[in-house]
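Novice: Provided herewith: coords06.txt, compact mmCIF, C-alpha atoms.
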# COMPACT_ATOMS: atom_id res chain seq x y z
CA MET A 1 124.09 96.80 -158.69
CA ARG A 2 121.44 98.18 -161.00
CA VAL A 3 120.88 101.86 -160.21
CA VAL A 4 117.92 103.90 -161.39
CA VAL A 5 118.54 107.66 -161.54
CA PRO A 6 115.30 109.64 -161.86
CA PHE A 7 115.84 112.90 -163.74
CA GLU A 8 113.20 115.63 -164.08
CA ALA A 9 114.23 117.00 -167.48
CA THR A 10 111.15 119.07 -168.30
CA HIS A 11 111.40 121.86 -165.73
CA PRO A 12 114.49 121.00 -163.72
CA LYS A 13 115.51 122.84 -160.55
CA THR A 14 112.85 125.55 -160.52
CA ARG A 15 113.69 126.37 -156.89
CA LEU A 16 117.13 127.51 -158.05
CA SER A 17 115.53 130.47 -159.83
CA PRO A 18 116.97 132.87 -158.80
CA PRO A 19 119.96 132.79 -158.94
CA LEU A 20 119.92 130.59 -162.05
CA GLU A 21 118.14 131.71 -165.21
CA ALA A 22 115.70 129.39 -166.99
CA ASP A 23 118.24 128.55 -169.72
CA GLU A 24 120.91 127.79 -167.12
CA ARG A 25 119.01 125.33 -164.98
CA ARG A 26 118.93 122.52 -167.52
CA PRO A 27 122.73 122.47 -168.22
CA PHE A 28 123.40 122.76 -164.49
CA ALA A 29 121.03 119.85 -163.77
CA GLU A 30 122.79 117.83 -166.49
CA ALA A 31 126.19 118.57 -164.96
CA MET A 32 124.88 117.25 -161.62
CA LEU A 33 123.51 114.15 -163.36
CA GLU A 34 126.94 113.62 -164.94
CA ASP A 35 128.57 113.74 -161.47
CA VAL A 36 126.04 111.28 -160.08
CA LEU A 37 126.54 108.83 -162.97
CA GLU A 38 130.31 109.00 -162.58
CA ALA A 39 130.07 108.30 -158.83
CA ILE A 40 127.72 105.36 -159.46
CA ARG A 41 130.14 103.81 -161.96
CA GLY A 42 133.04 104.48 -159.58
CA ALA A 43 131.19 102.46 -156.95
CA GLY A 44 130.62 99.57 -159.37
CA GLY A 45 126.99 100.43 -160.10
CA ASP A 46 125.20 100.07 -163.42
CA PRO A 47 123.12 103.24 -163.94
CA THR A 48 119.98 103.79 -166.00
CA VAL A 49 118.55 107.29 -166.22
CA LEU A 50 114.79 107.45 -165.80
CA SER A 51 113.92 110.69 -167.57
CA THR A 52 110.66 112.52 -168.22
CA VAL A 53 111.80 113.29 -171.79
CA PRO A 54 114.52 111.87 -174.07
CA ILE A 55 117.95 113.28 -173.21
CA GLU A 56 121.51 112.85 -174.46
CA VAL A 57 123.64 111.46 -171.67
CA ASP A 58 126.39 108.88 -171.33
CA ALA A 59 124.13 106.14 -169.91
CA PRO A 60 121.05 104.16 -170.97
CA VAL A 61 117.92 106.32 -170.76
CA GLU A 62 114.38 105.10 -170.12
CA VAL A 63 111.68 107.67 -170.75
CA ASP A 64 108.69 107.68 -168.44
CA THR A 65 106.40 110.68 -168.49
CA ARG A 66 104.64 109.76 -165.26
CA ARG A 67 105.34 111.35 -161.92
CA LEU A 68 108.25 110.16 -159.80
CA THR A 69 106.42 107.64 -157.60
CA PRO A 70 104.67 105.56 -160.34
CA ALA A 71 107.74 105.73 -162.59
CA VAL A 72 110.06 104.38 -159.87
CA ASN A 73 107.54 101.74 -158.80
CA ALA A 74 107.32 100.53 -162.41
CA ALA A 75 111.11 100.14 -162.38
CA LEU A 76 110.92 98.18 -159.11
CA GLU A 77 108.19 95.91 -160.48
CA ALA A 78 110.19 95.19 -163.63
CA THR A 79 112.88 93.15 -161.86
CA ASP A 80 113.54 90.69 -159.05
CA GLU A 81 117.13 91.91 -158.65
CA PRO A 82 118.20 94.43 -156.03
CA VAL A 83 117.77 97.99 -157.32
CA ALA A 84 119.15 101.26 -156.02
CA ILE A 85 117.33 104.55 -156.60
CA VAL A 86 119.66 107.55 -156.54
CA MET A 87 118.39 111.05 -157.26
CA ALA A 88 120.05 113.01 -160.07
CA ASP A 89 120.68 116.12 -157.97
CA LEU A 90 122.92 114.42 -155.39
CA ALA A 91 125.92 116.19 -156.83
CA LEU A 92 127.95 115.83 -153.63
CA THR A 93 127.96 112.08 -153.86
CA THR A 94 131.18 110.13 -154.29
CA PRO A 95 132.06 106.53 -155.13
CA ARG A 96 132.94 106.00 -151.47
CA THR A 97 129.53 107.21 -150.30
CA LEU A 98 127.75 104.98 -152.81
CA GLU A 99 129.90 101.99 -151.84
CA ARG A 100 128.53 102.47 -148.32
CA LEU A 101 124.99 102.65 -149.71
CA PHE A 102 125.27 99.62 -152.00
CA GLY A 103 127.14 97.62 -149.34
CA ALA A 104 124.76 98.28 -146.45
CA THR A 105 122.74 95.28 -145.35
CA GLY A 106 118.95 95.34 -145.11
CA ASP A 107 115.98 94.55 -147.34
CA VAL A 108 115.61 98.28 -147.71
CA VAL A 109 118.40 100.82 -147.18
CA VAL A 110 117.27 104.44 -146.93
CA ALA A 111 119.40 107.57 -147.04
CA PRO A 112 117.24 110.35 -145.59
CA GLY A 113 117.34 113.76 -147.18
CA ARG A 114 117.23 117.00 -145.26
CA GLY A 115 113.62 117.79 -144.46
CA GLY A 116 112.44 114.21 -144.33
CA GLY A 117 112.84 113.27 -147.98
CA THR A 118 114.35 110.09 -149.40
CA ASN A 119 117.38 110.81 -151.53
CA ALA A 120 118.73 107.31 -152.09
CA LEU A 121 117.38 103.82 -151.60
CA VAL A 122 118.45 100.23 -152.05
CA VAL A 123 115.51 97.83 -152.46
CA ARG A 124 116.02 94.09 -152.05
CA HIS A 125 112.47 93.15 -151.07
CA PRO A 126 109.94 92.23 -153.82
CA ASP A 127 106.96 93.93 -152.17
CA PHE A 128 108.48 97.28 -151.25
CA ARG A 129 107.12 100.27 -153.16
CA VAL A 130 108.02 103.95 -152.95
CA ASP A 131 105.90 106.96 -152.11
CA TYR A 132 107.86 110.18 -152.57
CA HIS A 133 105.06 112.48 -151.47
CA GLY A 134 105.61 114.55 -148.29
CA ALA A 135 107.93 113.27 -145.57
CA SER A 136 108.82 110.22 -147.62
CA TYR A 137 111.55 109.00 -145.26
CA LEU A 138 108.97 108.24 -142.57
CA ASP A 139 106.59 106.81 -145.16
CA HIS A 140 109.29 104.49 -146.46
CA LEU A 141 110.01 103.21 -142.95
CA ARG A 142 106.29 102.50 -142.54
CA ILE A 143 105.94 100.81 -145.95
CA ALA A 144 108.95 98.60 -145.20
CA ARG A 145 107.38 97.59 -141.87
CA GLU A 146 104.09 96.80 -143.57
CA VAL A 147 105.68 94.41 -146.10
CA GLY A 148 107.97 92.84 -143.48
CA ALA A 149 111.20 94.25 -144.91
CA SER A 150 114.19 94.98 -142.66
CA VAL A 151 115.39 98.59 -142.88
CA ARG A 152 118.79 100.18 -142.54
CA GLU A 153 119.39 103.95 -142.41
CA LEU A 154 122.36 105.20 -144.39
CA ASP A 155 123.72 108.25 -142.57
CA SER A 156 125.43 110.49 -145.12
CA HIS A 157 125.66 114.27 -145.43
CA ARG A 158 126.52 113.89 -149.12
CA LEU A 159 123.39 111.86 -149.76
CA SER A 160 121.18 113.99 -147.51
CA THR A 161 121.99 117.12 -149.51
CA ASP A 162 120.02 117.35 -152.72
CA ILE A 163 120.97 120.55 -154.54
CA ASP A 164 117.59 122.23 -154.52
CA GLU A 165 117.88 125.71 -153.10
CA PRO A 166 120.34 128.57 -153.45
CA SER A 167 121.98 127.82 -150.07
CA ASP A 168 122.80 124.32 -151.31
CA LEU A 169 125.13 125.80 -153.92
CA ALA A 170 127.58 126.62 -151.12
CA GLU A 171 127.74 122.92 -150.21
CA LEU A 172 128.66 122.14 -153.79
CA LEU A 173 131.46 124.72 -153.82
CA ILE A 174 132.80 123.45 -150.48
CA LEU A 175 132.54 119.67 -150.87
CA SER A 176 132.66 118.83 -154.58
CA ASP A 177 135.24 118.89 -157.35
CA GLY A 178 132.93 117.59 -160.07
CA ALA A 179 131.26 118.87 -163.22
CA ALA A 180 128.48 120.73 -161.40
CA ARG A 181 130.98 122.61 -159.27
CA ASP A 182 132.97 123.52 -162.38
CA TRP A 183 129.76 124.71 -164.04
CA LEU A 184 129.03 127.00 -161.07
CA VAL A 185 132.56 128.39 -161.02
CA ASP A 186 132.46 129.05 -164.77
CA ALA A 187 129.11 130.82 -164.27
CA GLY A 188 130.75 133.19 -161.80
CA PHE A 189 129.71 131.69 -158.47
CA ALA A 190 132.07 131.78 -155.51
CA LEU A 191 131.82 131.24 -151.77
CA ASP A 192 130.82 134.32 -149.81
CA ILE A 193 132.15 133.96 -146.30
CA ASP A 194 130.78 136.45 -143.83
CA GLU A 195 130.98 136.38 -140.03
CA GLY A 196 130.08 132.79 -139.32
CA ARG A 197 127.77 132.44 -142.32
CA VAL A 198 128.72 130.93 -145.63
CA GLY A 199 126.76 131.64 -148.80
CA VAL A 200 127.44 132.18 -152.47
CA ARG A 201 127.83 135.30 -154.58
CA ARG A 202 127.94 135.68 -158.34
CA THR A 203 130.56 137.94 -159.79
CA VAL A 204 130.15 137.37 -163.55
CA GLU A 205 126.76 137.55 -165.28
CA MET B 1 138.47 108.26 -126.42
CA ARG B 2 138.47 111.55 -124.60
CA VAL B 3 135.71 113.77 -125.98
CA VAL B 4 135.39 117.49 -125.38
CA VAL B 5 131.87 118.88 -125.75
CA PRO B 6 131.82 122.69 -126.03
CA PHE B 7 128.59 124.14 -124.63
CA GLU B 8 127.59 127.79 -124.95
CA ALA B 9 125.62 128.14 -121.72
CA THR B 10 125.39 131.92 -121.49
CA HIS B 11 123.10 132.72 -124.44
CA PRO B 12 122.40 129.36 -126.01
CA LYS B 13 120.60 128.92 -129.34
CA THR B 14 119.65 132.53 -129.98
CA ARG B 15 118.85 131.70 -133.61
CA LEU B 16 115.99 129.49 -132.35
CA SER B 17 114.14 132.60 -131.16
CA PRO B 18 111.46 132.44 -132.46
CA PRO B 19 109.95 129.88 -132.03
CA LEU B 20 111.60 129.27 -128.63
CA GLU B 21 111.26 131.82 -125.85
CA ALA B 22 114.36 132.99 -123.97
CA ASP B 23 113.53 130.85 -120.93
CA GLU B 24 113.01 127.79 -123.13
CA ARG B 25 116.26 127.86 -125.04
CA ARG B 26 118.47 126.89 -122.09
CA PRO B 27 116.51 123.75 -121.09
CA PHE B 28 116.23 122.77 -124.75
CA ALA B 29 119.99 123.21 -125.20
CA GLU B 30 120.58 121.11 -122.07
CA ALA B 31 118.33 118.35 -123.41
CA MET B 32 120.40 118.29 -126.61
CA LEU B 33 123.60 118.18 -124.52
CA GLU B 34 122.15 115.23 -122.60
CA ASP B 35 121.50 113.37 -125.89
CA VAL B 36 125.02 114.08 -127.11
CA LEU B 37 126.60 112.87 -123.84
CA GLU B 38 124.55 109.67 -123.92
CA ALA B 39 125.58 108.96 -127.52
CA ILE B 40 129.25 109.58 -126.65
CA ARG B 41 129.08 107.13 -123.76
CA GLY B 42 127.24 104.64 -125.95
CA ALA B 43 130.14 104.79 -128.39
CA GLY B 44 132.69 104.20 -125.62
CA GLY B 45 133.77 107.84 -125.33
CA ASP B 46 134.70 109.68 -122.17
CA PRO B 47 133.05 113.13 -122.33
CA THR B 48 134.01 116.39 -120.66
CA VAL B 49 131.76 119.40 -121.09
CA LEU B 50 133.59 122.63 -121.86
CA SER B 51 131.14 125.26 -120.70
CA THR B 52 131.21 129.03 -120.62
CA VAL B 53 129.64 129.00 -117.13
CA PRO B 54 129.26 126.33 -114.42
CA ILE B 55 126.36 123.97 -115.20
CA GLU B 56 124.77 120.92 -113.61
CA VAL B 57 125.11 117.99 -115.95
CA ASP B 58 125.88 114.29 -115.65
CA ALA B 59 129.52 114.62 -116.80
CA PRO B 60 132.71 116.42 -115.73
CA VAL B 61 132.52 120.14 -116.53
CA GLU B 62 135.43 122.45 -117.28
CA VAL B 63 134.59 126.13 -117.29
CA ASP B 64 136.33 128.34 -119.84
CA THR B 65 134.93 131.79 -120.44
CA ARG B 66 136.91 132.33 -123.63
CA ARG B 67 135.50 132.03 -127.11
CA LEU B 68 135.19 128.63 -128.74
CA THR B 69 138.47 128.58 -130.68
CA PRO B 70 140.90 129.44 -127.83
CA ALA B 71 138.99 127.27 -125.36
CA VAL B 72 139.18 124.21 -127.63
CA ASN B 73 142.81 124.86 -128.50
CA ALA B 74 143.66 124.98 -124.79
CA ALA B 75 142.03 121.56 -124.43
CA LEU B 76 144.07 120.23 -127.36
CA GLU B 77 147.30 121.63 -125.90
CA ALA B 78 146.61 120.04 -122.52
CA THR B 79 147.11 116.46 -123.73
CA ASP B 80 149.13 114.24 -126.07
CA GLU B 81 146.28 111.72 -126.34
CA PRO B 82 143.76 111.67 -129.19
CA VAL B 83 140.87 114.03 -128.50
CA ALA B 84 137.48 114.30 -130.16
CA ILE B 85 135.56 117.59 -130.24
CA VAL B 86 131.80 117.10 -130.56
CA MET B 87 129.41 120.05 -130.50
CA ALA B 88 126.65 120.05 -127.88
CA ASP B 89 123.86 120.75 -130.39
CA LEU B 90 124.37 117.60 -132.47
CA ALA B 91 121.19 116.15 -131.06
CA LEU B 92 120.72 113.75 -133.99
CA THR B 93 123.90 111.90 -133.16
CA THR B 94 123.85 108.24 -132.17
CA PRO B 95 126.38 105.80 -130.72
CA ARG B 96 126.69 104.23 -134.18
CA THR B 97 127.53 107.57 -135.80
CA LEU B 98 130.14 108.34 -133.15
CA GLU B 99 131.65 104.86 -133.46
CA ARG B 100 132.27 105.72 -137.11
CA LEU B 101 133.82 109.05 -136.07
CA PHE B 102 136.06 107.64 -133.34
CA GLY B 103 137.03 104.65 -135.49
CA ALA B 104 137.95 106.56 -138.65
CA THR B 105 141.65 106.60 -139.45
CA GLY B 106 143.57 109.83 -140.01
CA ASP B 107 145.59 112.30 -137.96
CA VAL B 108 142.56 114.56 -138.20
CA VAL B 109 139.00 113.36 -138.86
CA VAL B 110 136.53 116.11 -139.76
CA ALA B 111 132.76 115.88 -139.95
CA PRO B 112 131.63 118.88 -141.98
CA GLY B 113 128.53 120.76 -140.93
CA ARG B 114 125.99 122.16 -143.32
CA GLY B 115 127.25 125.54 -144.53
CA GLY B 116 130.93 124.71 -144.23
CA GLY B 117 131.22 124.46 -140.46
CA THR B 118 133.01 121.81 -138.44
CA ASN B 119 130.65 119.90 -136.20
CA ALA B 120 132.89 117.10 -134.99
CA LEU B 121 136.62 116.40 -135.06
CA VAL B 122 139.07 113.77 -133.97
CA VAL B 123 142.58 115.13 -133.46
CA ARG B 124 145.55 112.76 -133.26
CA HIS B 125 148.28 115.17 -134.39
CA PRO B 126 150.12 117.28 -131.76
CA ASP B 127 150.35 120.42 -133.90
CA PHE B 128 146.79 120.65 -135.17
CA ARG B 129 144.77 123.60 -133.87
CA VAL B 130 141.20 124.67 -134.56
CA ASP B 131 139.80 127.86 -136.02
CA TYR B 132 136.01 127.86 -135.90
CA HIS B 133 135.60 131.23 -137.58
CA GLY B 134 133.81 131.30 -140.98
CA ALA B 135 133.96 128.26 -143.27
CA SER B 136 135.91 126.29 -140.71
CA TYR B 137 135.76 123.00 -142.60
CA LEU B 138 137.95 124.41 -145.36
CA ASP B 139 140.19 126.12 -142.79
CA HIS B 140 140.66 122.85 -140.92
CA LEU B 141 141.67 121.06 -144.11
CA ARG B 142 144.23 123.82 -144.73
CA ILE B 143 145.56 123.78 -141.15
CA ALA B 144 145.95 119.99 -141.30
CA ARG B 145 147.90 120.29 -144.55
CA GLU B 146 150.14 122.98 -143.04
CA VAL B 147 151.14 120.81 -140.06
CA GLY B 148 151.53 117.66 -142.20
CA ALA B 149 148.52 115.85 -140.72
CA SER B 150 146.55 113.33 -142.78
CA VAL B 151 142.84 114.15 -143.01
CA ARG B 152 139.74 112.01 -143.31
CA GLU B 153 136.25 113.37 -143.96
CA LEU B 154 133.48 111.76 -141.94
CA ASP B 155 130.34 111.86 -144.07
CA SER B 156 127.32 111.91 -141.75
CA HIS B 157 123.96 113.66 -142.01
CA ARG B 158 123.51 113.29 -138.26
CA LEU B 159 126.81 115.04 -137.57
CA SER B 160 126.32 117.66 -140.30
CA THR B 161 123.06 118.83 -138.74
CA ASP B 162 123.59 121.12 -135.80
CA ILE B 163 120.24 122.18 -134.40
CA ASP B 164 120.56 125.91 -134.97
CA GLU B 165 117.56 127.20 -136.88
CA PRO B 166 113.80 126.58 -136.77
CA SER B 167 113.91 124.30 -139.84
CA ASP B 168 116.37 122.04 -138.02
CA LEU B 169 113.68 121.19 -135.47
CA ALA B 170 111.94 119.09 -138.14
CA GLU B 171 115.10 116.95 -138.46
CA LEU B 172 114.97 116.33 -134.73
CA LEU B 173 111.32 115.25 -134.85
CA ILE B 174 112.01 112.96 -137.84
CA LEU B 175 115.33 111.36 -136.89
CA SER B 176 115.66 111.40 -133.10
CA ASP B 177 114.05 109.64 -130.17
CA GLY B 178 116.10 111.38 -127.49
CA ALA B 179 115.59 113.92 -124.71
CA ALA B 180 115.61 116.95 -127.04
CA ARG B 181 112.89 115.43 -129.21
CA ASP B 182 110.84 114.66 -126.11
CA TRP B 183 111.34 118.25 -124.94
CA LEU B 184 110.01 119.56 -128.27
CA VAL B 185 107.00 117.24 -128.24
CA ASP B 186 106.19 118.24 -124.64
CA ALA B 187 106.44 121.90 -125.69
CA GLY B 188 103.79 121.31 -128.35
CA PHE B 189 105.89 120.94 -131.49
CA ALA B 190 104.87 118.51 -134.22
CA LEU B 191 105.77 117.88 -137.82
CA ASP B 192 103.85 119.98 -140.31
CA ILE B 193 103.75 118.10 -143.58
CA ASP B 194 102.56 120.15 -146.52
CA GLU B 195 102.83 119.35 -150.23
CA GLY B 196 106.43 118.21 -150.45
CA ARG B 197 107.64 120.50 -147.66
CA VAL B 198 108.18 119.45 -144.08
CA GLY B 199 108.29 121.95 -141.25
CA VAL B 200 107.18 122.20 -137.65
CA ARG B 201 104.13 123.75 -136.04
CA ARG B 202 103.43 124.42 -132.38
CA THR B 203 100.01 123.51 -131.09
CA VAL B 204 100.38 124.16 -127.36
CA GLU B 205 101.80 127.40 -126.01
Take the structure from the file and write it as structure tokens.
Specialist:
Amino acid sequence: MRVVVPFEATHPKTRLSPPLEADERRPFAEAMLEDVLEAIRGAGGDPTVLSTVPIEVDAPVEVDTRRLTPAVNAALEATDEPVAIVMADLALTTPRTLERLFGATGDVVVAPGRGGGTNALVVRHPDFRVDYHGASYLDHLRIAREVGASVRELDSHRLSTDIDEPSDLAELLILSDGAARDWLVDAGFALDIDEGRVGVRRTVE
Amino acid sequence: MRVVVPFEATHPKTRLSPPLEADERRPFAEAMLEDVLEAIRGAGGDPTVLSTVPIEVDAPVEVDTRRLTPAVNAALEATDEPVAIVMADLALTTPRTLERLFGATGDVVVAPGRGGGTNALVVRHPDFRVDYHGASYLDHLRIAREVGASVRELDSHRLSTDIDEPSDLAELLILSDGAARDWLVDAGFALDIDEGRVGVRRTVE
């Protein structure tokens, strides 16, 4: 399956500051992208990175300077084939998870993100368009209804967890063994397990 | 499958105060329990509530005043049959999600919670015991290894989301149509969709 991976390369992961410095967020975001691309290939997908600026990465890159919604809709309009949209910060994802996503039936398959976002999609209906603004999961259900597309929810913790905020780093340390996890460990991050709460601490600056 | 549903009935959901008042948290917790029991039955499970005090609920209740870990381990020791442990605050769960849980192969099936917890388990190995303290997901992987039990991760957003903190209420309004969602709506809660962020607001006190 063709898989589009939107990547915000200009100011990536601003909500991870702190704990990450400005010059750390880009390499960390690229390590997450690397993990996502590897999982896509492991699931038999054919990834293209949709980046806001040219980047060096082991996959075809299309540059589109527009915002997320028009850039993804242009990619949907460019083909009649099924297309998956998988966000570049889903660093917990695995080939197994993406096999579930790609294999799920439905004109539109939606993996909700925490907080009502849409972290991954499969689109098999010619008239479906995205709208990533606000609670996009609910909007995507509505848009699918409006164009007469059947919808399937893909229930996955790994796809619901975009690595956006400091607390998400703990998920990465617990559930991943990929490049982004290695990057965090090399940067001095470790799990900080208190009474019933799990966070991260940084021991090397 | 036999399913044990631990329910903390003495001081339920203290981290939901605010926005919930003390006299609201118990009925809200019971509405979530009701949703969980209905999903278990819908998936063909046979639930027993393991409560800290006697409660009125539409299922058999066993009272155990001990903490979660010894109470659940006593339930595991009491039988040689497979047992599932499903937390009472997994109000997003559905029959479909639990069918995946009950049907997954492995001596131990673990559904990780956000933050490294363990929200749902299936135990088919006689020597496996729980330890819910701290990052219990990692502890349960270790305990399974130590007793020679095979482990399968169950990747589910609905099972990873225990309704614990105010931000979790938005998940319930977005993804559920059960009794706990109805309770929230009746209590005046609604989604509050700002630029890219989704929360809840309360319009009726």
Novice: Which value, in Å to one decimal, gives the distance between CA of Ser150 (chain B) and CA of Asp107 (chain B)?
Specialist: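 So the answer is 5.0 Å.
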Novice: Residues of chain B were defined as contacting chain A if any atom lay at most 9 Å from it, counting all atoms listed in the file; please report them as a ChimeraX atom specification.
Specialist: /B:97,112-117,132-138,154-161,167-168,170-171,174-175,193-199
Novice: What is the distance between CA of Glu153 (chain B) and CA of Ala120 (chain B), in Å to one decimal?
Specialist: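 Result for CA of Glu153 (chain B) versus CA of Ala120 (chain B): 10.3 Å, one decimal.
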Novice: In Å, with one decimal, what is the gap from CA of Ala91 (chain A) to CA of His125 (chain A)?
Specialist: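 Separation between CA of Ala91 (chain A) and CA of His125 (chain A): 27.3 Å.
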Novice: Can you tell me which residues surround region 27-44 of chain B at a distance of at most 8 Å, considering only C-alpha atoms, apart from same-chain residues fewer than 6 positions away, and format the answer as a list of chain:residue names?
Specialist: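 The filter keeps B:Met1, B:Val3, B:Phe7, B:Pro12, B:Lys13, B:Val57, B:Asp58, B:Ala59, B:Ala88, B:Asp89, B:Leu90, B:Ala91, B:Thr93, B:Thr94, B:Pro95, B:Arg96, B:Leu98, B:Glu99, B:Gly178, B:Ala179, B:Ala180, B:Trp183, B:Leu184.
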Novice: As a list in words, please: the residues near Ala84 (chain B) (cut-off 9 Å, all atoms listed in the file, same-chain neighbours under 4 positions excluded).
Specialist: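 What passes the distance filter is Met1, Arg2, Val3, Val4, Val5, Gly45, Leu101, Phe102, Val109, Ala120, Leu121, Val122, Val123 and Arg124 of chain B.
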Novice: Restricting the output to C-alpha atoms, write the selected residues as a tab-separated table (two decimals), in the frame of the given file.
Specialist:
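The new file selection30.tsv reads:
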chain	number	residue	atom	x	y	z
B	1	MET	CA	138.47	108.26	-126.42
B	2	ARG	CA	138.47	111.55	-124.60
B	3	VAL	CA	135.71	113.77	-125.98
B	4	VAL	CA	135.39	117.49	-125.38
B	5	VAL	CA	131.87	118.88	-125.75
B	45	GLY	CA	133.77	107.84	-125.33
B	101	LEU	CA	133.82	109.05	-136.07
B	102	PHE	CA	136.06	107.64	-133.34
B	109	VAL	CA	139.00	113.36	-138.86
B	120	ALA	CA	132.89	117.10	-134.99
B	121	LEU	CA	136.62	116.40	-135.06
B	122	VAL	CA	139.07	113.77	-133.97
B	123	VAL	CA	142.58	115.13	-133.46
B	124	ARG	CA	145.55	112.76	-133.26
Novice: Could you check the closest approach to Asn73 (chain B) for each of B:Pro60, B:Arg129, B:Glu24, B:Asn119 and tell me which residue wins, using only C-alpha atoms?
Specialist: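 Among B:Pro60, B:Arg129, B:Glu24, B:Asn119, it is B:Arg129 that comes nearest to Asn73 (chain B).
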Novice: Determine the nearest neighbour of Asp127 (chain B) from the options B:Asp46, B:Glu56, B:Glu146, B:Asp177, counting only C-alpha atoms.
Specialist: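 Closest residue, counting only C-alpha atoms: B:Glu146.
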Novice: Kindly complete region 114-125 of chain B to N, CA, C and O atoms; the output should be written as an mmCIF file, in the frame of the given file.
Specialist:
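Generated output (rebuild.cif):
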data_model
loop_
_atom_site.group_PDB
_atom_site.id
_atom_site.type_symbol
_atom_site.label_atom_id
_atom_site.label_comp_id
_atom_site.auth_asym_id
_atom_site.auth_seq_id
_atom_site.Cartn_x
_atom_site.Cartn_y
_atom_site.Cartn_z
ATOM 1 N N ARG B 114 126.631 121.458 -142.217
ATOM 2 C CA ARG B 114 125.990 122.160 -143.320
ATOM 3 C C ARG B 114 126.440 123.623 -143.312
ATOM 4 O O ARG B 114 126.502 124.246 -142.264
ATOM 5 N N GLY B 115 126.788 124.158 -144.469
ATOM 6 C CA GLY B 115 127.250 125.540 -144.530
ATOM 7 C C GLY B 115 128.734 125.689 -144.271
ATOM 8 O O GLY B 115 129.212 126.800 -144.039
ATOM 9 N N GLY B 116 129.472 124.601 -144.300
ATOM 10 C CA GLY B 116 130.930 124.710 -144.230
ATOM 11 C C GLY B 116 131.505 124.752 -142.831
ATOM 12 O O GLY B 116 132.697 125.018 -142.665
ATOM 13 N N GLY B 117 130.704 124.497 -141.820
ATOM 14 C CA GLY B 117 131.220 124.460 -140.460
ATOM 15 C C GLY B 117 131.904 123.148 -140.148
ATOM 16 O O GLY B 117 132.025 122.261 -140.995
ATOM 17 N N THR B 118 132.379 123.048 -138.914
ATOM 18 C CA THR B 118 133.010 121.810 -138.440
ATOM 19 C C THR B 118 132.259 121.378 -137.200
ATOM 20 O O THR B 118 132.348 122.003 -136.157
ATOM 21 N N ASN B 119 131.501 120.300 -137.307
ATOM 22 C CA ASN B 119 130.650 119.900 -136.200
ATOM 23 C C ASN B 119 131.299 118.880 -135.283
ATOM 24 O O ASN B 119 130.957 118.783 -134.107
ATOM 25 N N ALA B 120 132.205 118.081 -135.827
ATOM 26 C CA ALA B 120 132.890 117.100 -134.990
ATOM 27 C C ALA B 120 134.268 116.838 -135.576
ATOM 28 O O ALA B 120 134.460 116.886 -136.789
ATOM 29 N N LEU B 121 135.207 116.594 -134.685
ATOM 30 C CA LEU B 121 136.620 116.400 -135.060
ATOM 31 C C LEU B 121 137.203 115.295 -134.206
ATOM 32 O O LEU B 121 136.835 115.139 -133.039
ATOM 33 N N VAL B 122 138.145 114.563 -134.777
ATOM 34 C CA VAL B 122 139.070 113.770 -133.970
ATOM 35 C C VAL B 122 140.468 114.291 -134.289
ATOM 36 O O VAL B 122 140.817 114.447 -135.468
ATOM 37 N N VAL B 123 141.239 114.578 -133.262
ATOM 38 C CA VAL B 123 142.580 115.130 -133.460
ATOM 39 C C VAL B 123 143.597 114.177 -132.848
ATOM 40 O O VAL B 123 143.572 113.902 -131.640
ATOM 41 N N ARG B 124 144.489 113.671 -133.706
ATOM 42 C CA ARG B 124 145.550 112.760 -133.260
ATOM 43 C C ARG B 124 146.926 113.310 -133.589
ATOM 44 O O ARG B 124 147.898 112.576 -133.555
ATOM 45 N N HIS B 125 146.997 114.569 -133.988
ATOM 46 C CA HIS B 125 148.280 115.170 -134.390
ATOM 47 C C HIS B 125 148.594 116.300 -133.398
ATOM 48 O O HIS B 125 147.752 117.160 -133.162
#
